[in-house]
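Engineer: Next up is a structure, given as structure tokens.
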Amino acid sequence: MNQVRVRFAPSPTGYLHVGGARTAIFNWLFARKHGGVFVLRIEDTDRERSSEEMIRYILDGLAWLGVDWDEGPIFQGARAETHRAYAHLLLEKGAAYRCFCTAGEAETLRARALEEKSHGAVRCGCRDLDAKEAERRSAAEPFALRFRTPADEEIAFEDGVYGSTSKRGADIEDFVLLRSDGSPTYHLSVVVDDAEMGITHVIRGQDHLSNTPKQILLYRAMGYEVPFFAHLPLLLAPNKGKLSKRKHGEIVSLTTYRDRGFLPEAFLNFLALLGWSPGDDREKLSRKELIRAFELAGVNKSNAIFNFREGDERAWTDPKALALNAEYINDLSPEALAKTAKPFLERAGLWRPEYEEGRADWFRRTAVLLRDRFQTLQDFAGRGRPWFTDDFPMEESAVRKNLEKNADALRGLLPEFAERLEGVEPFDAATVEGVSRAFWEEKGLKPGLVMNACRAAITGASAGPSMFEVFETIGRERSVRRIRKAAAAL
Ligand code: GLU
């Protein structure tokens with residue numbers, strides 16, 4: 001086999017969609033697996049809808065995932081002259097013709113084609129105009145260049161995912177190559193670019209499967225070898241509808257996952273398993289393992305569902321993604337964890353330089369303690385907030401259940417316990433545990449009463465890490481102060 005050359009060819013008309021990112025990942029895995037070349041081509045031909053900002057999102061998003069490209073970014077819009085040249089070449093060869101139909105006439109033809117679907121494509125009279133006559137008219141009249149679809153050809157191909165597919169030329173319209181303003185169409189640009197860039201495998205979304213016969217015709221007419229096509233199942237919303245930015249908001253944009261505290265390895269792993277499986281039951285695969293295991297044969301035909309529950313913050317995106325992310329967060333070394341936590345604390349205004357200098361040990365220890373229950377790195381500034389500031393929210397249910405319900409007993413017990421804590425030396429988890437046990441045994445209390453009250457007072461929550469670790473990491477002074485404050489409020 002020649003060297004594998006694949007490409008990711010996004011149109012920068014919106015944020016980088018998770019489905020697009022998944023297409024990029026599959027191409028990249030395929031290239032890396034086969035020692036091939038991964039080309040990034042930005043299809044910015046729709047100038048009105050493309051923007052610099054959207055291009056940035058694509059480049060930043062791929063860089064964040066670690067999906068690195070070997071060539072590009074190549075901007076398709078800058079290649080329009082080349083695309084036009086090919087269209088004219090096809091005209092010279094007779095494989096294309098000038099069409100003088102107005103937009104209205106073309107529309108009427110299209111409507112008729114829809115009506116007469118079973119009778120094949122409808123072609124306009126311009127197809128049969130005498131070449132000399134057409135050239136003469138072209139000096140004065142606007143025209144489009146259309147492809148002269150051979151009605152008697154059968155276009156058959158073996159899709160890498162969807163298998164044998166074929167279409168009769170008679171059913172394919174004479175599609176436009178150059179519009180009357182001279183701008184090249186998608187079909188022309190994509191085939192010229194893929195052909196000139198030597199793309200051997202076109203791996204892209206299933207929504208392009210129906211475009212493939214037209215594109216194969218163009219390869220043939222231009223005398224290029226037809227690449228291998230593999231179309232990928234779509235990513236759908238839980239109701240099996242389209243997963244769209246307009247309907248589903250930020251969860252469809254790749255950069256949301258970066259900004260909301262995903263580790264790139266975790267999200268790469270999650271996306272890779274949407275519509276593809278390694279053929280065994282592994283669900284957690286490193287970058288290297290993904291590259292080793294990736295085969296187009298493992299891609300499913302059925303569309304993949306992106307599961308999430310709208311309005312549920314704990315399931316704001318697919319719970320599988322969140323669970324994988326939690327696992328990857330748990331795998332980080334304390335040093336790496338501290339590093340990744342920093343920007344999330346910074347953004348929340350909770351970062352202090354001492355976490356890297358004087359209190360680096362404390363910070364690492366705290367980060368390791370907290371991460372156990374985290375879904376994303378953003379939880380450092382959310383559930384982790386009480387460790388970094390006194391200004392944290394109190395969960396209503398924790399206050400009710402763990403403080404207010406036992407107000408009569410706690411009003412006296414909490415200040416007494418706080419006083420005990422003041423004398424604990426050293427103030428570490430083991431010593432605090434000993435003193436706490438002695439306290440509740442001496443008073444004949446159930447252990448939960450004081451500990452749950454302390455948890456609510458110190459962290460505002462009803463669940464979290466071991467309370468003795470909480471005492472140690474929050475520290476004596478803050479623990480005592482918060483317990484007294486909660487007691488005073490009862
Ligand atoms: N630019 C096209 C898109 O974003 C992709 C074209 C292709 O992969 O052939 O849908």
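Letters A, B, ... go to the chains of the structure tokens in the order shown; residues in each chain start at 1; ligands are counted from 1 in the same order.
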Can you pull out every residue with an atom within 8 Å of ligand 1? Use only C-alpha atoms and all ligand atoms and format it as a list of chain:residue names.

Structural biologist: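 Sorted by chain and then by number, the residues are A:Arg7, A:Phe8, A:Ala9, A:Pro10, A:Ser11, A:Pro12, A:Gly20, A:Ile42, A:Glu43, A:Tyr186, A:Val190, A:Val202, A:Ile203, A:Arg204, A:Gly205, A:Asp207, A:His208.
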
Engineer: Considering only C-alpha atoms, return as a compact mmCIF listing (two decimals) with C-alpha atoms, in the first residue's frame whatever protein or nucleic-acid residues lie within 12 Å of region 357-360 of chain A, sequence-local ones (same chain, fewer than 2 positions apart) excluded.

Structural biologist:
```txt
# COMPACT_ATOMS: atom_id res chain seq x y z
CA PRO A 334 0.06 14.47 42.71
CA GLU A 335 2.38 16.85 40.85
CA LEU A 337 -2.83 16.99 39.47
CA ALA A 338 -1.65 20.14 41.23
CA LYS A 339 -0.59 21.60 37.91
CA LYS A 342 -4.14 25.61 39.05
CA TRP A 351 -5.33 30.65 43.51
CA ARG A 352 -2.46 31.76 45.76
CA PRO A 353 1.24 31.67 44.83
CA GLU A 354 2.02 29.91 48.12
CA TYR A 355 0.35 26.77 46.72
CA TRP A 362 -0.33 21.02 51.54
CA PHE A 363 -1.76 21.85 48.14
CA ARG A 364 -0.78 18.52 46.60
CA ARG A 365 -2.12 16.62 49.58
CA THR A 366 -5.41 18.54 49.45
CA ALA A 367 -5.74 18.06 45.70
CA THR A 473 -6.28 19.81 55.40
```

Engineer: Compare A:Arg98, A:Arg168, A:Arg123, A:Arg481 by their minimum atom-to-atom distance to Phe143 (chain A), counting only C-alpha atoms, and give me the closest one.

Structural biologist: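 Selected residue with least distance to Phe143 (chain A): A:Arg98.
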
Engineer: Applying 12 Å and only C-alpha atoms, which residues near His88 (chain A) remain after dropping the ones on its own chain fewer than 4 positions away? List them as number ranges by chain.

Structural biologist: A: 81-84, 92-98, 144-147, 177-178, 182, 184, 188, 222

Engineer: Which residues, written as an MDAnalysis selection string, have at least one atom at most 7 Å from region 120-122 of chain A, with only C-alpha atoms counted and residues fewer than 3 positions away on the same chain left out?

Structural biologist: chainID A and resid 109 113 117 170:173

Engineer: Export all heavy atoms of the chosen residues as an mmCIF file, in the first residue's frame?

Structural biologist:
```cif
data_model
loop_
_atom_site.group_PDB
_atom_site.id
_atom_site.type_symbol
_atom_site.label_atom_id
_atom_site.label_comp_id
_atom_site.auth_asym_id
_atom_site.auth_seq_id
_atom_site.Cartn_x
_atom_site.Cartn_y
_atom_site.Cartn_z
ATOM 1 N N LEU A 109 -36.354 23.261 -12.486
ATOM 2 C CA LEU A 109 -35.838 21.942 -12.863
ATOM 3 C C LEU A 109 -35.683 21.044 -11.648
ATOM 4 O O LEU A 109 -36.019 19.868 -11.677
ATOM 5 C CB LEU A 109 -34.466 22.087 -13.533
ATOM 6 C CG LEU A 109 -34.456 22.311 -15.031
ATOM 7 C CD1 LEU A 109 -33.011 22.412 -15.514
ATOM 8 C CD2 LEU A 109 -35.145 21.155 -15.762
ATOM 9 N N ALA A 113 -37.379 17.548 -10.849
ATOM 10 C CA ALA A 113 -36.580 16.356 -10.559
ATOM 11 C C ALA A 113 -37.129 15.641 -9.338
ATOM 12 O O ALA A 113 -37.199 14.419 -9.290
ATOM 13 C CB ALA A 113 -35.123 16.750 -10.339
ATOM 14 N N LYS A 117 -38.829 11.728 -9.438
ATOM 15 C CA LYS A 117 -37.677 11.035 -8.879
ATOM 16 C C LYS A 117 -37.433 9.654 -9.508
ATOM 17 O O LYS A 117 -36.312 9.304 -9.855
ATOM 18 C CB LYS A 117 -37.848 10.891 -7.373
ATOM 19 C CG LYS A 117 -36.533 11.043 -6.663
ATOM 20 C CD LYS A 117 -36.685 11.178 -5.191
ATOM 21 C CE LYS A 117 -35.255 11.325 -4.661
ATOM 22 N NZ LYS A 117 -35.158 11.805 -3.385
ATOM 23 N N ALA A 170 -27.748 7.758 -14.247
ATOM 24 C CA ALA A 170 -29.030 8.311 -14.680
ATOM 25 C C ALA A 170 -29.777 8.999 -13.541
ATOM 26 O O ALA A 170 -30.625 9.859 -13.768
ATOM 27 C CB ALA A 170 -29.888 7.189 -15.258
ATOM 28 N N ASP A 171 -29.438 8.616 -12.304
ATOM 29 C CA ASP A 171 -30.125 9.204 -11.146
ATOM 30 C C ASP A 171 -29.365 10.376 -10.533
ATOM 31 O O ASP A 171 -29.764 10.911 -9.511
ATOM 32 C CB ASP A 171 -30.326 8.128 -10.063
ATOM 33 C CG ASP A 171 -31.313 7.061 -10.522
ATOM 34 O OD1 ASP A 171 -32.230 7.418 -11.279
ATOM 35 O OD2 ASP A 171 -31.140 5.881 -10.138
ATOM 36 N N ILE A 172 -28.245 10.705 -11.151
ATOM 37 C CA ILE A 172 -27.450 11.799 -10.586
ATOM 38 C C ILE A 172 -27.582 13.031 -11.464
ATOM 39 O O ILE A 172 -27.378 12.968 -12.676
ATOM 40 C CB ILE A 172 -25.960 11.389 -10.464
ATOM 41 C CG1 ILE A 172 -25.846 10.148 -9.552
ATOM 42 C CG2 ILE A 172 -25.120 12.534 -9.938
ATOM 43 C CD1 ILE A 172 -24.451 9.574 -9.465
ATOM 44 N N GLU A 173 -27.923 14.146 -10.825
ATOM 45 C CA GLU A 173 -28.113 15.391 -11.592
ATOM 46 C C GLU A 173 -26.790 15.859 -12.199
ATOM 47 O O GLU A 173 -25.714 15.401 -11.789
ATOM 48 C CB GLU A 173 -28.654 16.471 -10.650
ATOM 49 C CG GLU A 173 -27.668 16.686 -9.520
ATOM 50 C CD GLU A 173 -28.040 17.793 -8.554
ATOM 51 O OE1 GLU A 173 -28.659 18.764 -8.970
ATOM 52 O OE2 GLU A 173 -27.655 17.669 -7.380
#
```

Engineer: Would you please extract all helix (DSSP H, G or I) residues from region 318-414 of chain A, as assigned by DSSP on the backbone, and give them as a compact mmCIF listing (two decimals) with N, CA, C and O atoms, in the first residue's frame?

Structural biologist:
```txt
# COMPACT_ATOMS: atom_id res chain seq x y z
N PRO A 319 -22.70 10.83 30.91
CA PRO A 319 -22.14 10.33 32.17
C PRO A 319 -20.93 9.43 31.96
O PRO A 319 -20.05 9.35 32.82
N LYS A 320 -20.85 8.79 30.82
CA LYS A 320 -19.68 7.95 30.53
C LYS A 320 -18.44 8.83 30.40
O LYS A 320 -17.35 8.46 30.83
N ALA A 321 -18.62 9.98 29.78
CA ALA A 321 -17.50 10.91 29.63
C ALA A 321 -17.06 11.39 31.00
O ALA A 321 -15.86 11.45 31.30
N LEU A 322 -18.04 11.72 31.84
CA LEU A 322 -17.71 12.22 33.18
C LEU A 322 -17.01 11.14 34.01
O LEU A 322 -16.03 11.41 34.70
N ALA A 323 -17.50 9.91 33.91
CA ALA A 323 -16.91 8.82 34.68
C ALA A 323 -15.47 8.54 34.22
O ALA A 323 -14.57 8.33 35.03
N LEU A 324 -15.27 8.57 32.90
CA LEU A 324 -13.91 8.35 32.38
C LEU A 324 -12.98 9.47 32.84
O LEU A 324 -11.84 9.23 33.24
N ASN A 325 -13.51 10.69 32.80
CA ASN A 325 -12.69 11.83 33.22
C ASN A 325 -12.29 11.68 34.69
O ASN A 325 -11.15 11.92 35.05
N ALA A 326 -13.25 11.24 35.51
CA ALA A 326 -12.96 11.03 36.94
C ALA A 326 -11.83 10.01 37.09
O ALA A 326 -10.91 10.19 37.88
N GLU A 327 -11.88 8.96 36.29
CA GLU A 327 -10.83 7.95 36.37
C GLU A 327 -9.46 8.52 35.98
O GLU A 327 -8.46 8.24 36.61
N TYR A 328 -9.47 9.29 34.89
CA TYR A 328 -8.21 9.88 34.45
C TYR A 328 -7.68 10.87 35.48
O TYR A 328 -6.47 10.99 35.67
N ILE A 329 -8.58 11.61 36.13
CA ILE A 329 -8.14 12.55 37.17
C ILE A 329 -7.50 11.77 38.31
O ILE A 329 -6.48 12.15 38.86
N ASN A 330 -8.10 10.64 38.64
CA ASN A 330 -7.56 9.81 39.72
C ASN A 330 -6.20 9.20 39.39
O ASN A 330 -5.45 8.83 40.29
N ASP A 331 -5.92 9.06 38.12
CA ASP A 331 -4.64 8.46 37.70
C ASP A 331 -3.47 9.44 37.73
O ASP A 331 -2.33 9.03 37.61
N PRO A 334 0.39 13.27 41.93
CA PRO A 334 0.06 14.47 42.71
C PRO A 334 0.60 15.74 42.05
O PRO A 334 -0.07 16.77 42.04
N GLU A 335 1.78 15.66 41.48
CA GLU A 335 2.38 16.85 40.85
C GLU A 335 1.57 17.29 39.65
O GLU A 335 1.26 18.46 39.48
N ALA A 336 1.21 16.31 38.80
CA ALA A 336 0.44 16.64 37.60
C ALA A 336 -0.94 17.15 37.99
O ALA A 336 -1.47 18.09 37.38
N LEU A 337 -1.50 16.57 39.02
CA LEU A 337 -2.83 16.99 39.47
C LEU A 337 -2.79 18.44 39.94
O LEU A 337 -3.65 19.25 39.56
N ALA A 338 -1.77 18.77 40.72
CA ALA A 338 -1.65 20.14 41.23
C ALA A 338 -1.53 21.12 40.07
O ALA A 338 -2.14 22.19 40.08
N LYS A 339 -0.78 20.74 39.08
CA LYS A 339 -0.59 21.60 37.91
C LYS A 339 -1.90 21.83 37.15
O LYS A 339 -2.20 22.93 36.72
N THR A 340 -2.66 20.76 36.95
CA THR A 340 -3.89 20.91 36.17
C THR A 340 -4.96 21.63 36.98
O THR A 340 -5.85 22.25 36.40
N ALA A 341 -4.87 21.56 38.31
CA ALA A 341 -5.88 22.24 39.14
C ALA A 341 -5.69 23.76 39.09
O ALA A 341 -6.66 24.51 39.17
N LYS A 342 -4.46 24.19 38.93
CA LYS A 342 -4.14 25.61 39.05
C LYS A 342 -5.01 26.54 38.21
O LYS A 342 -5.61 27.47 38.75
N PRO A 343 -5.11 26.33 36.89
CA PRO A 343 -5.89 27.28 36.10
C PRO A 343 -7.36 27.36 36.52
O PRO A 343 -7.99 28.41 36.39
N PHE A 344 -7.89 26.26 37.04
CA PHE A 344 -9.29 26.29 37.46
C PHE A 344 -9.47 27.10 38.73
O PHE A 344 -10.48 27.80 38.89
N LEU A 345 -8.48 27.05 39.61
CA LEU A 345 -8.55 27.88 40.82
C LEU A 345 -8.28 29.34 40.45
O LEU A 345 -8.92 30.25 40.96
N GLU A 346 -7.35 29.53 39.53
CA GLU A 346 -7.05 30.91 39.10
C GLU A 346 -8.28 31.59 38.55
O GLU A 346 -8.60 32.72 38.91
N ARG A 347 -8.96 30.87 37.69
CA ARG A 347 -10.14 31.45 37.05
C ARG A 347 -11.22 31.81 38.07
O ARG A 347 -11.99 32.73 37.86
N PRO A 353 -0.12 32.11 45.20
CA PRO A 353 1.24 31.67 44.83
C PRO A 353 1.82 30.69 45.83
O PRO A 353 2.60 29.81 45.47
N GLU A 354 1.43 30.81 47.10
CA GLU A 354 2.02 29.91 48.12
C GLU A 354 1.69 28.44 47.85
O GLU A 354 2.36 27.55 48.35
N TYR A 355 0.68 28.17 47.03
CA TYR A 355 0.35 26.77 46.72
C TYR A 355 1.46 26.12 45.89
O TYR A 355 1.50 24.91 45.75
N ALA A 360 3.24 24.07 48.98
CA ALA A 360 3.08 23.14 47.86
C ALA A 360 2.69 21.75 48.34
O ALA A 360 1.84 21.08 47.74
N ASP A 361 3.27 21.33 49.47
CA ASP A 361 2.95 20.00 50.00
C ASP A 361 1.49 19.93 50.40
O ASP A 361 0.78 18.97 50.09
N TRP A 362 1.07 20.96 51.11
CA TRP A 362 -0.33 21.02 51.54
C TRP A 362 -1.26 20.99 50.31
O TRP A 362 -2.25 20.27 50.28
N PHE A 363 -0.89 21.76 49.32
CA PHE A 363 -1.76 21.85 48.14
C PHE A 363 -1.87 20.51 47.43
O PHE A 363 -2.96 20.07 47.06
N ARG A 364 -0.75 19.83 47.27
CA ARG A 364 -0.78 18.52 46.60
C ARG A 364 -1.62 17.53 47.40
O ARG A 364 -2.44 16.79 46.86
N ARG A 365 -1.42 17.54 48.70
CA ARG A 365 -2.12 16.62 49.58
C ARG A 365 -3.63 16.89 49.49
O ARG A 365 -4.45 15.97 49.37
N THR A 366 -4.01 18.16 49.53
CA THR A 366 -5.41 18.54 49.45
C THR A 366 -6.00 18.13 48.11
O THR A 366 -7.10 17.57 48.03
N ALA A 367 -5.25 18.40 47.05
CA ALA A 367 -5.74 18.06 45.70
C ALA A 367 -6.00 16.56 45.60
O ALA A 367 -7.02 16.12 45.06
N VAL A 368 -5.09 15.76 46.14
CA VAL A 368 -5.23 14.30 46.09
C VAL A 368 -6.45 13.85 46.90
O VAL A 368 -7.22 12.99 46.49
N LEU A 369 -6.65 14.49 48.05
CA LEU A 369 -7.79 14.14 48.90
C LEU A 369 -9.11 14.46 48.19
O LEU A 369 -10.06 13.69 48.21
N LEU A 370 -9.13 15.63 47.55
CA LEU A 370 -10.38 16.09 46.95
C LEU A 370 -10.77 15.33 45.69
O LEU A 370 -11.94 15.12 45.41
N ARG A 371 -9.81 14.94 44.90
CA ARG A 371 -10.10 14.44 43.55
C ARG A 371 -10.95 13.17 43.53
O ARG A 371 -11.59 12.88 42.53
N LEU A 377 -12.12 18.88 36.56
CA LEU A 377 -11.17 19.71 37.30
C LEU A 377 -11.84 20.97 37.84
O LEU A 377 -11.34 21.60 38.76
N GLN A 378 -12.96 21.31 37.25
CA GLN A 378 -13.69 22.48 37.73
C GLN A 378 -14.19 22.26 39.16
O GLN A 378 -14.45 23.22 39.88
N ASP A 379 -14.31 21.00 39.55
CA ASP A 379 -14.77 20.72 40.90
C ASP A 379 -13.80 21.25 41.96
O ASP A 379 -14.17 21.41 43.11
N PHE A 380 -12.55 21.52 41.56
CA PHE A 380 -11.62 22.13 42.51
C PHE A 380 -12.18 23.45 43.02
O PHE A 380 -12.05 23.78 44.18
N ARG A 385 -14.11 24.30 46.93
CA ARG A 385 -14.02 25.69 47.36
C ARG A 385 -13.71 25.90 48.85
O ARG A 385 -12.87 26.74 49.20
N PRO A 386 -14.37 25.17 49.79
CA PRO A 386 -14.13 25.40 51.22
C PRO A 386 -12.67 25.23 51.64
O PRO A 386 -12.27 25.69 52.70
N TRP A 387 -11.87 24.58 50.79
CA TRP A 387 -10.46 24.40 51.13
C TRP A 387 -9.64 25.65 50.79
O TRP A 387 -8.53 25.80 51.25
N GLU A 396 -28.31 23.59 51.59
CA GLU A 396 -29.47 23.72 52.47
C GLU A 396 -29.78 22.41 53.19
O GLU A 396 -30.03 22.39 54.40
N SER A 397 -29.74 21.31 52.45
CA SER A 397 -30.12 20.03 53.06
C SER A 397 -29.10 19.61 54.12
O SER A 397 -29.46 19.02 55.14
N ALA A 398 -27.83 19.94 53.92
CA ALA A 398 -26.81 19.58 54.90
C ALA A 398 -27.04 20.36 56.20
O ALA A 398 -26.93 19.82 57.30
N VAL A 399 -27.37 21.62 56.04
CA VAL A 399 -27.60 22.47 57.22
C VAL A 399 -28.82 21.94 57.99
O VAL A 399 -28.78 21.78 59.21
N ARG A 400 -29.86 21.62 57.24
CA ARG A 400 -31.10 21.17 57.89
C ARG A 400 -30.86 19.85 58.63
O ARG A 400 -31.10 19.71 59.81
N LYS A 401 -30.34 18.89 57.88
CA LYS A 401 -30.21 17.52 58.40
C LYS A 401 -29.11 17.40 59.47
O LYS A 401 -29.27 16.71 60.46
N ASN A 402 -28.00 18.04 59.24
CA ASN A 402 -26.83 17.79 60.11
C ASN A 402 -26.62 18.84 61.19
O ASN A 402 -25.86 18.61 62.12
N LEU A 403 -27.27 19.98 61.04
CA LEU A 403 -27.10 21.00 62.08
C LEU A 403 -28.45 21.31 62.75
O LEU A 403 -28.64 21.02 63.92
N GLU A 404 -29.38 21.81 61.97
CA GLU A 404 -30.62 22.31 62.57
C GLU A 404 -31.45 21.23 63.27
O GLU A 404 -32.05 21.46 64.30
N LYS A 405 -31.46 20.03 62.67
CA LYS A 405 -32.29 18.97 63.23
C LYS A 405 -31.86 18.61 64.67
O LYS A 405 -32.68 18.24 65.50
N ASN A 406 -30.59 18.74 64.93
CA ASN A 406 -30.08 18.41 66.27
C ASN A 406 -29.61 19.67 67.01
O ASN A 406 -28.68 19.63 67.81
N ALA A 407 -30.26 20.78 66.71
CA ALA A 407 -29.80 22.07 67.23
C ALA A 407 -29.63 22.04 68.75
O ALA A 407 -28.62 22.54 69.28
N ASP A 408 -30.58 21.45 69.46
CA ASP A 408 -30.53 21.50 70.93
C ASP A 408 -29.25 20.89 71.48
O ASP A 408 -28.60 21.47 72.33
N ALA A 409 -28.91 19.69 70.95
CA ALA A 409 -27.70 19.02 71.43
C ALA A 409 -26.44 19.75 70.95
O ALA A 409 -25.49 19.96 71.71
N LEU A 410 -26.46 20.17 69.66
CA LEU A 410 -25.24 20.71 69.06
C LEU A 410 -24.86 22.08 69.61
O LEU A 410 -23.68 22.44 69.63
N ARG A 411 -25.84 22.83 70.06
CA ARG A 411 -25.57 24.17 70.58
C ARG A 411 -24.49 24.11 71.68
O ARG A 411 -23.63 24.97 71.75
N GLY A 412 -24.56 23.06 72.50
CA GLY A 412 -23.55 22.93 73.56
C GLY A 412 -22.34 22.12 73.11
O GLY A 412 -21.19 22.46 73.42
N LEU A 413 -22.62 21.05 72.32
CA LEU A 413 -21.55 20.12 71.95
C LEU A 413 -20.50 20.75 71.03
O LEU A 413 -19.29 20.52 71.21
N LEU A 414 -20.96 21.50 70.05
CA LEU A 414 -20.01 22.02 69.05
C LEU A 414 -18.95 22.94 69.67
O LEU A 414 -17.75 22.75 69.41
```

Engineer: I want to know what sits within 12 Å of His231 (chain A), based on only C-alpha atoms, with residues of the same chain fewer than 3 positions away left out; could you give that as an MDAnalysis selection string?

Structural biologist: chainID A and resid 23 26:27 158:163 165 201:212 228 234 275 296:297 299:303

Engineer: Report the distance between CA of Gly279 (chain A) and CA of Thr317 (chain A) in Å, rounded to one decimal place.

Structural biologist: 25.3 Å

Engineer: Could you check which of A:Leu129, A:Leu62, A:Val252, A:Val4 is closest to His17 (chain A), using only C-alpha atoms?

Structural biologist: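 Going through A:Leu129, A:Leu62, A:Val252, A:Val4 one by one, the smallest distance to His17 (chain A) is for A:Val252.
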